[in-house]
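Text of final.tsv (TSV, C-alpha atoms) as supplied:
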```
chain	number	residue	atom	x	y	z
Z	81	MET	CA	-47.99	11.97	89.81
Z	82	GLU	CA	-48.49	8.27	90.39
Z	83	ASN	CA	-45.53	5.88	89.98
Z	84	ILE	CA	-46.27	3.04	87.61
Z	85	VAL	CA	-42.87	1.45	88.32
Z	86	GLU	CA	-40.99	1.40	91.63
Z	87	ILE	CA	-37.64	-0.32	92.01
Z	88	ARG	CA	-35.84	-0.57	95.34
Z	89	GLY	CA	-32.40	-2.01	96.08
Z	90	LEU	CA	-32.39	-4.15	92.97
Z	91	THR	CA	-29.35	-6.41	92.59
Z	92	LYS	CA	-28.67	-9.05	89.94
Z	93	ARG	CA	-25.62	-11.30	89.77
Z	94	TYR	CA	-24.51	-13.68	87.02
Z	95	ASN	CA	-22.23	-16.15	88.85
Z	96	ARG	CA	-19.94	-13.76	90.66
Z	97	THR	CA	-20.39	-10.77	88.33
Z	98	GLU	CA	-22.75	-8.09	89.59
Z	99	ALA	CA	-24.74	-6.91	86.58
Z	100	LEU	CA	-26.91	-4.54	88.64
Z	101	LYS	CA	-26.00	-3.15	92.03
Z	102	ASN	CA	-28.58	-1.79	94.43
Z	103	ILE	CA	-30.71	0.11	91.87
Z	104	ASP	CA	-33.49	2.49	93.00
Z	105	LEU	CA	-35.73	3.87	90.26
Z	106	ASP	CA	-39.23	5.33	89.92
Z	107	VAL	CA	-41.16	5.80	86.69
Z	108	GLU	CA	-44.12	8.16	86.72
Z	109	MET	CA	-47.24	7.66	84.65
Z	110	GLY	CA	-47.22	9.81	81.50
Z	111	LYS	CA	-43.42	10.03	81.30
Z	112	VAL	CA	-40.78	8.79	78.89
Z	113	VAL	CA	-37.67	7.55	80.69
Z	114	GLY	CA	-34.36	7.01	78.91
Z	115	ILE	CA	-31.97	4.42	80.34
Z	116	LEU	CA	-28.60	5.48	78.97
Z	117	GLY	CA	-25.33	3.63	79.10
Z	118	PRO	CA	-22.70	1.91	77.00
Z	119	ASN	CA	-22.98	-1.75	76.01
Z	120	GLY	CA	-22.58	-4.01	79.03
Z	121	SER	CA	-23.72	-1.37	81.53
Z	122	GLY	CA	-26.72	-3.43	82.67
Z	123	LYS	CA	-29.50	-1.88	80.56
Z	124	THR	CA	-30.80	-5.12	79.09
Z	125	THR	CA	-30.49	-6.91	82.43
Z	126	LEU	CA	-32.69	-4.22	83.98
Z	127	ILE	CA	-35.25	-4.61	81.18
Z	128	LYS	CA	-35.27	-8.40	81.56
Z	129	LEU	CA	-35.93	-8.03	85.29
Z	130	LEU	CA	-38.83	-5.64	84.59
Z	131	THR	CA	-40.33	-7.98	82.03
Z	132	GLY	CA	-39.97	-10.98	84.36
Z	133	LEU	CA	-37.51	-12.81	82.10
Z	134	LEU	CA	-34.92	-12.76	84.90
Z	135	HIS	CA	-35.27	-12.84	88.67
Z	136	PRO	CA	-33.34	-10.53	91.00
Z	137	ASN	CA	-30.93	-11.75	93.69
Z	138	SER	CA	-32.25	-9.08	96.00
Z	139	GLY	CA	-34.41	-5.99	95.98
Z	140	GLU	CA	-37.93	-5.32	94.87
Z	141	ILE	CA	-39.76	-4.37	91.67
Z	142	LYS	CA	-43.36	-3.11	91.74
Z	143	ILE	CA	-45.12	-2.52	88.44
Z	144	ASP	CA	-48.67	-1.18	88.60
Z	145	GLY	CA	-48.53	-2.31	92.24
Z	146	HIS	CA	-47.51	-5.92	91.46
Z	147	SER	CA	-44.29	-7.93	91.38
Z	148	PRO	CA	-43.31	-9.12	87.88
Z	149	GLY	CA	-45.66	-11.96	86.91
Z	150	VAL	CA	-48.91	-12.63	85.09
Z	151	HIS	CA	-50.46	-9.24	85.84
Z	152	THR	CA	-47.40	-7.17	84.95
Z	153	LYS	CA	-46.93	-9.09	81.67
Z	154	SER	CA	-50.46	-8.06	80.69
Z	155	VAL	CA	-49.72	-4.35	81.19
Z	156	ILE	CA	-46.24	-4.27	79.62
Z	157	SER	CA	-45.67	-4.08	75.88
Z	158	TYR	CA	-42.05	-5.01	75.27
Z	159	LEU	CA	-39.77	-4.48	72.27
Z	160	PRO	CA	-36.75	-6.77	72.73
Z	161	ASP	CA	-33.32	-5.75	71.46
Z	162	ARG	CA	-33.57	-8.34	68.68
Z	163	ASN	CA	-36.22	-9.42	66.19
Z	164	ALA	CA	-38.85	-11.51	68.01
Z	165	LEU	CA	-40.72	-12.72	64.91
Z	166	TYR	CA	-40.27	-15.97	63.00
Z	167	SER	CA	-38.64	-15.57	59.61
Z	168	TRP	CA	-41.34	-17.62	57.81
Z	169	MET	CA	-44.00	-15.13	58.87
Z	170	THR	CA	-45.54	-12.45	56.72
Z	171	VAL	CA	-46.60	-9.12	58.21
Z	172	LYS	CA	-50.16	-10.47	58.17
Z	173	ASP	CA	-49.11	-13.59	60.16
Z	174	ALA	CA	-47.35	-11.39	62.72
Z	175	LEU	CA	-50.49	-9.27	63.14
Z	176	GLY	CA	-52.56	-12.43	63.62
Z	177	MET	CA	-50.17	-13.70	66.28
Z	178	TYR	CA	-50.32	-10.42	68.21
Z	179	LYS	CA	-54.11	-10.36	67.95
Z	180	ASP	CA	-54.31	-13.90	69.38
Z	181	PHE	CA	-51.78	-13.24	72.14
Z	182	TYR	CA	-52.84	-9.87	73.45
Z	183	GLU	CA	-56.33	-8.78	74.45
Z	184	ASP	CA	-55.28	-5.14	74.35
Z	185	PHE	CA	-54.17	-5.33	70.70
Z	186	ASP	CA	-55.78	-2.50	68.69
Z	187	GLU	CA	-56.19	-3.61	65.08
Z	188	LYS	CA	-57.07	-0.15	63.79
Z	189	LYS	CA	-53.96	1.28	65.37
Z	190	SER	CA	-51.81	-1.48	63.86
Z	191	GLU	CA	-53.18	-0.71	60.38
Z	192	ASP	CA	-52.31	2.97	60.82
Z	193	LEU	CA	-48.84	2.18	62.13
Z	194	LEU	CA	-48.04	-0.24	59.30
Z	195	GLN	CA	-49.10	2.35	56.78
Z	196	PHE	CA	-47.02	4.99	58.54
Z	197	MET	CA	-44.00	2.64	58.51
Z	198	LYS	CA	-44.70	1.84	54.85
Z	199	LEU	CA	-44.84	-1.91	55.46
Z	200	ASP	CA	-46.77	-4.13	53.08
Z	201	LYS	CA	-48.88	-6.87	54.69
Z	202	ASP	CA	-47.73	-9.59	52.31
Z	203	MET	CA	-44.06	-8.97	52.96
Z	204	LYS	CA	-42.10	-11.82	54.56
Z	205	VAL	CA	-39.97	-11.26	57.65
Z	206	SER	CA	-37.11	-13.22	56.02
Z	207	ASN	CA	-36.99	-10.69	53.16
Z	208	MET	CA	-36.82	-7.66	55.43
Z	209	SER	CA	-33.87	-5.40	56.19
Z	210	LYS	CA	-32.84	-4.75	59.80
Z	211	GLY	CA	-34.66	-1.40	59.71
Z	212	MET	CA	-37.87	-2.93	58.37
Z	213	LYS	CA	-37.86	-5.68	61.02
Z	214	GLU	CA	-37.35	-3.07	63.71
Z	215	LYS	CA	-40.24	-1.00	62.32
Z	216	LEU	CA	-42.53	-4.03	62.19
Z	217	ASN	CA	-41.68	-5.11	65.73
Z	218	LEU	CA	-42.22	-1.56	67.00
Z	219	ALA	CA	-45.52	-1.18	65.12
Z	220	LEU	CA	-46.79	-4.35	66.82
Z	221	VAL	CA	-45.56	-3.28	70.27
Z	222	LEU	CA	-47.15	0.18	69.95
Z	223	SER	CA	-50.44	-1.29	68.73
Z	224	ARG	CA	-51.12	-2.68	72.19
Z	225	LYS	CA	-53.02	-0.48	74.63
Z	226	ALA	CA	-50.50	-1.08	77.41
Z	227	LYS	CA	-49.71	0.84	80.57
Z	228	ILE	CA	-45.96	0.53	80.05
Z	229	TYR	CA	-44.01	0.32	76.82
Z	230	ILE	CA	-40.48	-0.98	77.20
Z	231	LEU	CA	-38.29	-0.43	74.16
Z	232	ASP	CA	-34.82	-1.96	74.25
Z	233	GLU	CA	-32.50	-0.16	71.81
Z	234	PRO	CA	-35.25	0.71	69.31
Z	235	ILE	CA	-32.98	2.51	66.81
Z	236	ALA	CA	-29.75	0.53	67.08
Z	237	GLY	CA	-28.37	-0.43	63.67
Z	238	VAL	CA	-31.16	1.07	61.54
Z	239	ASP	CA	-30.73	3.54	58.68
Z	240	PRO	CA	-31.51	7.27	59.19
Z	241	VAL	CA	-34.87	7.16	57.38
Z	242	ALA	CA	-36.14	4.22	59.42
Z	243	ARG	CA	-34.73	5.87	62.53
Z	244	ASP	CA	-36.81	9.02	61.90
Z	245	GLN	CA	-39.93	6.95	61.28
Z	246	ILE	CA	-39.33	5.08	64.53
Z	247	LEU	CA	-38.85	8.32	66.48
Z	248	ASP	CA	-42.00	9.81	64.93
Z	249	ALA	CA	-44.00	6.69	65.75
Z	250	ILE	CA	-42.82	6.85	69.37
Z	251	ILE	CA	-43.69	10.57	69.67
Z	252	GLU	CA	-47.08	10.19	68.02
Z	253	ASN	CA	-48.04	7.20	70.10
Z	254	TYR	CA	-46.93	8.64	73.39
Z	255	ALA	CA	-49.96	8.71	75.67
Z	256	GLU	CA	-50.55	10.36	79.01
Z	257	ASP	CA	-52.14	7.23	80.44
Z	258	SER	CA	-49.02	5.15	79.88
Z	259	ALA	CA	-45.28	5.32	80.48
Z	260	MET	CA	-42.33	4.46	78.26
Z	261	ILE	CA	-38.95	3.08	79.26
Z	262	ILE	CA	-36.41	3.24	76.44
Z	263	THR	CA	-32.80	2.06	76.55
Z	264	THR	CA	-30.23	3.49	74.17
Z	265	HIS	CA	-26.60	4.36	73.71
Z	266	LEU	CA	-27.52	6.62	70.75
Z	267	VAL	CA	-28.18	9.55	73.03
Z	268	ARG	CA	-27.96	12.38	70.52
Z	269	ASP	CA	-30.69	10.89	68.34
Z	270	MET	CA	-33.08	10.19	71.17
Z	271	GLU	CA	-32.49	12.65	74.00
Z	272	ASN	CA	-35.26	15.05	72.94
Z	273	ILE	CA	-37.99	12.52	73.62
Z	274	PHE	CA	-37.05	11.79	77.25
Z	275	ASP	CA	-38.68	13.39	80.27
Z	276	LYS	CA	-36.26	11.70	82.61
Z	277	VAL	CA	-32.85	10.15	82.03
Z	278	VAL	CA	-30.96	7.54	83.99
Z	279	PHE	CA	-27.24	7.06	83.36
Z	280	LEU	CA	-26.34	3.44	83.97
Z	281	GLY	CA	-22.68	2.44	84.16
Z	282	ASP	CA	-21.20	-0.85	85.41
Z	283	GLY	CA	-24.55	-1.82	86.89
Z	284	GLU	CA	-24.94	1.34	88.95
Z	285	ILE	CA	-26.93	4.54	88.51
Z	286	MET	CA	-24.28	7.21	87.99
Z	287	LEU	CA	-26.82	10.04	87.67
Z	288	SER	CA	-30.53	10.44	87.08
Z	289	GLY	CA	-33.03	13.26	86.88
Z	290	ASP	CA	-35.42	15.37	84.84
Z	291	ALA	CA	-33.76	15.87	81.44
Z	292	GLU	CA	-34.55	19.61	81.26
Z	293	ASP	CA	-33.37	20.22	84.83
Z	294	LEU	CA	-30.09	18.44	84.06
Z	295	ARG	CA	-29.57	20.57	80.90
Z	296	GLU	CA	-30.12	23.71	82.94
Z	297	GLU	CA	-28.01	22.64	85.89
Z	298	LYS	CA	-25.06	21.29	83.87
Z	299	ASN	CA	-25.41	23.86	81.08
Z	300	MET	CA	-25.17	21.16	78.39
Z	301	GLN	CA	-27.30	18.78	76.37
Z	302	ILE	CA	-27.75	15.20	77.60
Z	303	ASP	CA	-25.50	13.87	74.81
Z	304	GLU	CA	-22.58	16.00	76.06
Z	305	LEU	CA	-23.30	14.96	79.63
Z	306	TYR	CA	-23.26	11.32	78.51
Z	307	LYS	CA	-19.83	11.81	76.95
Z	308	GLU	CA	-18.60	13.46	80.12
Z	309	ILE	CA	-19.81	10.60	82.29
Z	310	PHE	CA	-18.75	7.70	80.08
Z	311	GLY	CA	-16.04	9.29	77.88
Y	224	MET	CA	-33.76	18.56	65.20
Y	225	ASN	CA	-30.71	18.92	67.39
Y	226	PHE	CA	-30.58	21.49	70.13
Y	227	ASP	CA	-27.02	22.50	70.75
Y	228	SER	CA	-26.84	25.15	73.42
Y	229	GLY	CA	-26.77	24.50	77.13
Y	230	LEU	CA	-30.34	25.73	77.50
Y	231	PRO	CA	-33.22	23.40	78.30
Y	232	ILE	CA	-35.06	22.38	75.13
Y	233	TYR	CA	-38.35	23.98	76.19
Y	234	MET	CA	-36.57	27.38	76.38
Y	235	GLN	CA	-35.07	26.88	72.93
Y	236	ILE	CA	-38.55	26.08	71.57
Y	237	VAL	CA	-39.90	29.24	73.23
Y	238	GLU	CA	-37.26	31.17	71.24
Y	239	ILE	CA	-38.18	29.36	67.99
Y	240	ILE	CA	-41.85	30.30	68.42
Y	241	LYS	CA	-41.06	33.90	69.35
Y	242	SER	CA	-38.99	34.24	66.21
Y	243	ARG	CA	-41.81	32.70	64.13
Y	244	ILE	CA	-44.14	35.34	65.57
Y	245	VAL	CA	-41.80	38.28	65.02
Y	246	THR	CA	-41.02	37.23	61.43
Y	247	GLY	CA	-44.72	36.83	60.66
Y	248	ILE	CA	-44.73	33.05	60.09
Y	249	LEU	CA	-47.23	33.03	62.97
Y	250	GLU	CA	-49.55	36.03	62.90
Y	251	SER	CA	-51.34	37.88	65.67
Y	252	GLY	CA	-54.41	35.88	66.67
Y	253	GLU	CA	-53.28	32.79	64.71
Y	254	LYS	CA	-53.61	29.32	66.20
Y	255	LEU	CA	-50.33	27.65	67.13
Y	256	PRO	CA	-49.74	24.08	65.92
Y	257	SER	CA	-51.19	21.47	68.26
Y	258	VAL	CA	-48.78	20.16	70.89
Y	259	ARG	CA	-48.61	16.82	69.10
Y	260	ASP	CA	-48.00	18.32	65.66
Y	261	LEU	CA	-45.17	20.50	66.89
Y	262	ALA	CA	-43.75	17.57	68.87
Y	263	THR	CA	-43.65	15.55	65.65
Y	264	GLU	CA	-42.22	18.43	63.62
Y	265	LEU	CA	-39.39	19.13	66.08
Y	266	LYS	CA	-39.08	15.47	67.17
Y	267	VAL	CA	-39.37	16.21	70.86
Y	268	ASN	CA	-41.48	14.87	73.71
Y	269	PRO	CA	-45.01	16.39	73.75
Y	270	ASN	CA	-44.52	17.23	77.45
Y	271	THR	CA	-41.67	19.54	76.41
Y	272	ILE	CA	-43.90	21.40	73.91
Y	273	GLN	CA	-46.55	21.67	76.62
Y	274	ARG	CA	-43.99	23.30	78.87
Y	275	SER	CA	-42.94	25.73	76.10
Y	276	TYR	CA	-46.56	26.77	75.55
Y	277	ALA	CA	-47.05	27.26	79.29
Y	278	GLU	CA	-43.96	29.48	79.40
Y	279	LEU	CA	-45.20	31.55	76.40
Y	280	GLU	CA	-48.55	31.89	78.13
Y	281	ARG	CA	-46.85	33.04	81.32
Y	282	GLN	CA	-45.15	35.75	79.25
Y	283	ASN	CA	-48.57	36.73	77.79
Y	284	ILE	CA	-47.38	36.02	74.25
Y	285	VAL	CA	-50.00	33.32	73.67
Y	286	PHE	CA	-53.30	32.45	75.28
Y	287	THR	CA	-55.18	29.18	75.53
Y	288	GLN	CA	-58.85	28.73	74.83
Y	289	ARG	CA	-60.18	25.61	76.46
Y	290	GLY	CA	-60.85	22.94	73.87
Y	291	MET	CA	-59.84	25.24	71.02
Y	292	GLY	CA	-56.07	25.43	71.24
Y	293	THR	CA	-53.35	28.00	71.81
Y	294	PHE	CA	-53.32	31.33	69.97
Y	295	VAL	CA	-50.88	34.18	69.43
Y	296	THR	CA	-51.90	37.24	71.43
Y	297	GLU	CA	-53.85	39.99	69.66
Y	298	ASP	CA	-52.33	42.63	71.91
Y	299	ILE	CA	-50.13	44.59	69.50
Y	300	SER	CA	-48.14	46.26	72.29
Y	301	ILE	CA	-46.98	42.84	73.50
Y	302	LEU	CA	-45.93	41.86	69.98
Y	303	GLU	CA	-44.10	45.16	69.52
Y	304	GLY	CA	-42.40	44.62	72.87
Y	305	LEU	CA	-41.37	41.13	71.74
Y	306	LYS	CA	-39.87	42.53	68.55
Y	307	ASP	CA	-38.01	45.23	70.48
Y	308	ALA	CA	-36.69	42.69	72.96
Y	309	MET	CA	-35.39	40.44	70.16
Y	310	ALA	CA	-33.79	43.41	68.36
Y	311	ARG	CA	-32.19	44.51	71.60
Y	312	GLU	CA	-30.76	41.06	72.20
Y	313	LYS	CA	-29.32	40.86	68.68
Y	314	VAL	CA	-27.79	44.34	68.93
Y	315	LEU	CA	-26.24	43.61	72.31
Y	316	SER	CA	-24.69	40.38	71.10
Y	317	PHE	CA	-23.46	42.13	67.94
Y	318	MET	CA	-21.91	44.90	70.03
Y	319	GLU	CA	-20.18	42.36	72.21
Y	320	ASP	CA	-18.67	40.74	69.09
Y	321	MET	CA	-17.55	44.11	67.73
Y	322	GLU	CA	-15.96	45.13	71.00
Y	323	ARG	CA	-14.09	41.84	70.95
Y	324	LEU	CA	-12.78	42.91	67.50
Y	325	GLY	CA	-11.47	46.11	69.09
Y	326	TYR	CA	-14.16	48.66	68.21
Y	327	THR	CA	-15.40	51.04	70.88
Y	328	LYS	CA	-19.12	51.65	71.47
Y	329	ASP	CA	-18.77	55.05	69.76
Y	330	GLU	CA	-17.17	53.62	66.63
Y	331	ILE	CA	-19.81	50.93	66.09
Y	332	PRO	CA	-22.58	53.19	64.65
Y	333	ASP	CA	-20.04	54.72	62.25
Y	334	ILE	CA	-18.91	51.42	60.81
Y	335	ILE	CA	-22.52	50.25	60.44
Y	336	ARG	CA	-23.36	53.42	58.53
Y	337	LYS	CA	-20.25	53.05	56.34
Y	338	ILE	CA	-21.02	49.44	55.38
Y	339	ALA	CA	-24.72	50.14	54.88
Y	340	LEU	CA	-23.87	52.96	52.45
Y	341	GLU	CA	-21.47	50.76	50.46
Y	342	GLY	CA	-24.43	48.68	49.41
Y	343	LYS	CA	-26.33	51.64	48.00
```
Could you rewrite the structure in this file as structure tokens?
Amino acid sequence: MENIVEIRGLTKRYNRTEALKNIDLDVEMGKVVGILGPNGSGKTTLIKLLTGLLHPNSGEIKIDGHSPGVHTKSVISYLPDRNALYSWMTVKDALGMYKDFYEDFDEKKSEDLLQFMKLDKDMKVSNMSKGMKEKLNLALVLSRKAKIYILDEPIAGVDPVARDQILDAIIENYAEDSAMIITTHLVRDMENIFDKVVFLGDGEIMLSGDAEDLREEKNMQIDELYKEIFG
Amino acid sequence: MNFDSGLPIYMQIVEIIKSRIVTGILESGEKLPSVRDLATELKVNPNTIQRSYAELERQNIVFTQRGMGTFVTEDISILEGLKDAMAREKVLSFMEDMERLGYTKDEIPDIIRKIALEGK
């Protein structure tokens, strides 16, 4: 299968702290990859390098054959780890903004997703709970017809009902002609949707592989393996 | 849904579907849920369901008709064999538990009979 993302020898330093050390990582088309690690392990730094928000000190990132830049931004749909919408906006305003910004925005899909998430178009972002904001942001991100969806901590801090809706939306919108990269430390809730998992600790890949192969080889679920590695 | 054993998830889903077939929730010749529907129901990656269906097909328990979906086999001998295999597995694991309690293989049928009669 074709790699949509290839990372080689990626290193990122903040002053003298190494946030990522010599990372190699491939993401195949049609797969869902979980980047797992505790807070401060380098997950968000990795995402910011992929999305072109940060530049590496050394190493190489190829996305759809290109270095992070104008082209890669057009093929990546990114859910940041915090609300990216202005508080004065209504759901309708947010939809309008996405439609203006992204050529690949699918209005029909966004209508379906908003309905699925039970979000009313006249609702204001400032009146929303954490879970509702997360659902709105995710609905917008999944409404783009992107090649890569990057979701940074999509279920952190949301209630169980919203969490289930978010997981369902991710599963239902998974497509073979795209790839998903999802970071999380809530491994038990999310492990069943990953094809491949990458354990990131202190900026290094401690272990990575096909999730099912790892379960078979280690004779445990990914959540238990996570606890063994980081516990 | 949480999968707790050390088995890969696709294997655990194979077992779930086999038990649905043996208990009659899925009948001979019936269409299995679509990959996406079952993925949503069990909250797992559709690729995992795909792998479970491929494994069931390899074991001749289901068959795929191009463009139509995946169906439970109509071959009764395979379904009987599946039922026997599941019964065998349950009995073996039960016997293991009983032996751990100190019963010998010869004593096990007696105690089953005794308890079954109590209920009459």
Using all atoms listed in the file, which of the listed residues (Z:Asp244, Z:Val238, Z:Asp184, Z:Ala174) sits closest to Ala219 of chain Z?
Z:Ala174
Neighbour list for segment 281-297 of chain Y as a PyMOL selection string, cut-off 12 Å, only C-alpha atoms, skip fewer than 2 positions in-chain
chain Y and resi 237-238+240-245+247-259+272-279+299-306
Please list as number ranges by chain every residue within 9 Å of segment 221-224 of chain Z, counting all atoms listed in the file and excluding residues in the same chain fewer than 3 positions away.
Z: 157-159, 178, 182-191, 193, 216-218, 229-231, 249-250, 253
Please, which residues of chain Z lie no more than 10 Å from chain Y when the count uses all atoms listed in the file, and can they be set out as an MDAnalysis selection string?
chainID Z and resid 110:112 244 247:256 268:275 291:304
What box, with edges along x, y and z, holds each listed atom of segment 174-179 of chain Z when 4 Å is added on every side, and can you state its centre and edge lengths in Å to one decimal, as AutoDock Vina command-line options?
```
--center_x -50.7 --center_y -11.5 --center_z 65.5 --size_x 14.8 --size_y 12.4 --size_z 13.5
```
Spatial neighbours of Val205 of chain Z, max dist 10 Å, all atoms listed in the file, sep filter under 4 positions, as a PyMOL selection string
chain Z and resi 163+165-171+173-174+209-210+212-213+216
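Across the structure, atom CA of Ile141 of chain Z and atom CA of Asp106 of chain Z are spaced 9.9 Å apart.
Reported to one decimal place, the separation of atom CA of Lys128 of chain Z from atom CA of Leu266 of chain Z is 20.1 Å.
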Give me the residues near Leu105 of chain Z as a list in words, where near means some atom within 7 Å (using only C-alpha atoms) and where sequence neighbours in that chain fewer than 5 positions away do not count.
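Neighbouring residues, sequence-local ones excluded: Glu86, Ile87 and Arg88 of chain Z.
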Distance in Å - atom CA of Glu233 of chain Z versus atom CA of Gly311 of chain Z
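About the pair atom CA of Glu233 of chain Z and atom CA of Gly311 of chain Z: they are 19.9 Å apart.
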Which one of Y:Ile239, Y:Met318, Y:Ala308, Y:Ile338 sits closest to Leu261 of chain Y if you count all atoms listed in the file?
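Answer, going by the shortest atom-to-atom distance: Y:Ile239.
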Would you list the residues near (-20.3, 6.4, 80.6), meaning any protein, DNA or RNA residue with an atom at most 8 Å from that point in file coordinates, counting only C-alpha atoms, as a PyMOL selection string?
chain Z and resi 117-118+279-281+306-311
Residue neighbourhood Leu126 of chain Z, 12 Å, all atoms listed in the file, exclusion window fewer than 5 positions, as a ChimeraX atom specification:
/Z:87,90-93,99-105,115-117,120-121,131-136,141,230-232,261-263,278,280,283-285
For a quick check of understanding, using only C-alpha atoms, which of Z:Arg243, Z:Arg162, Z:Lys198, Z:Lys153 has the smallest distance to Phe181 of chain Z?
Z:Lys153
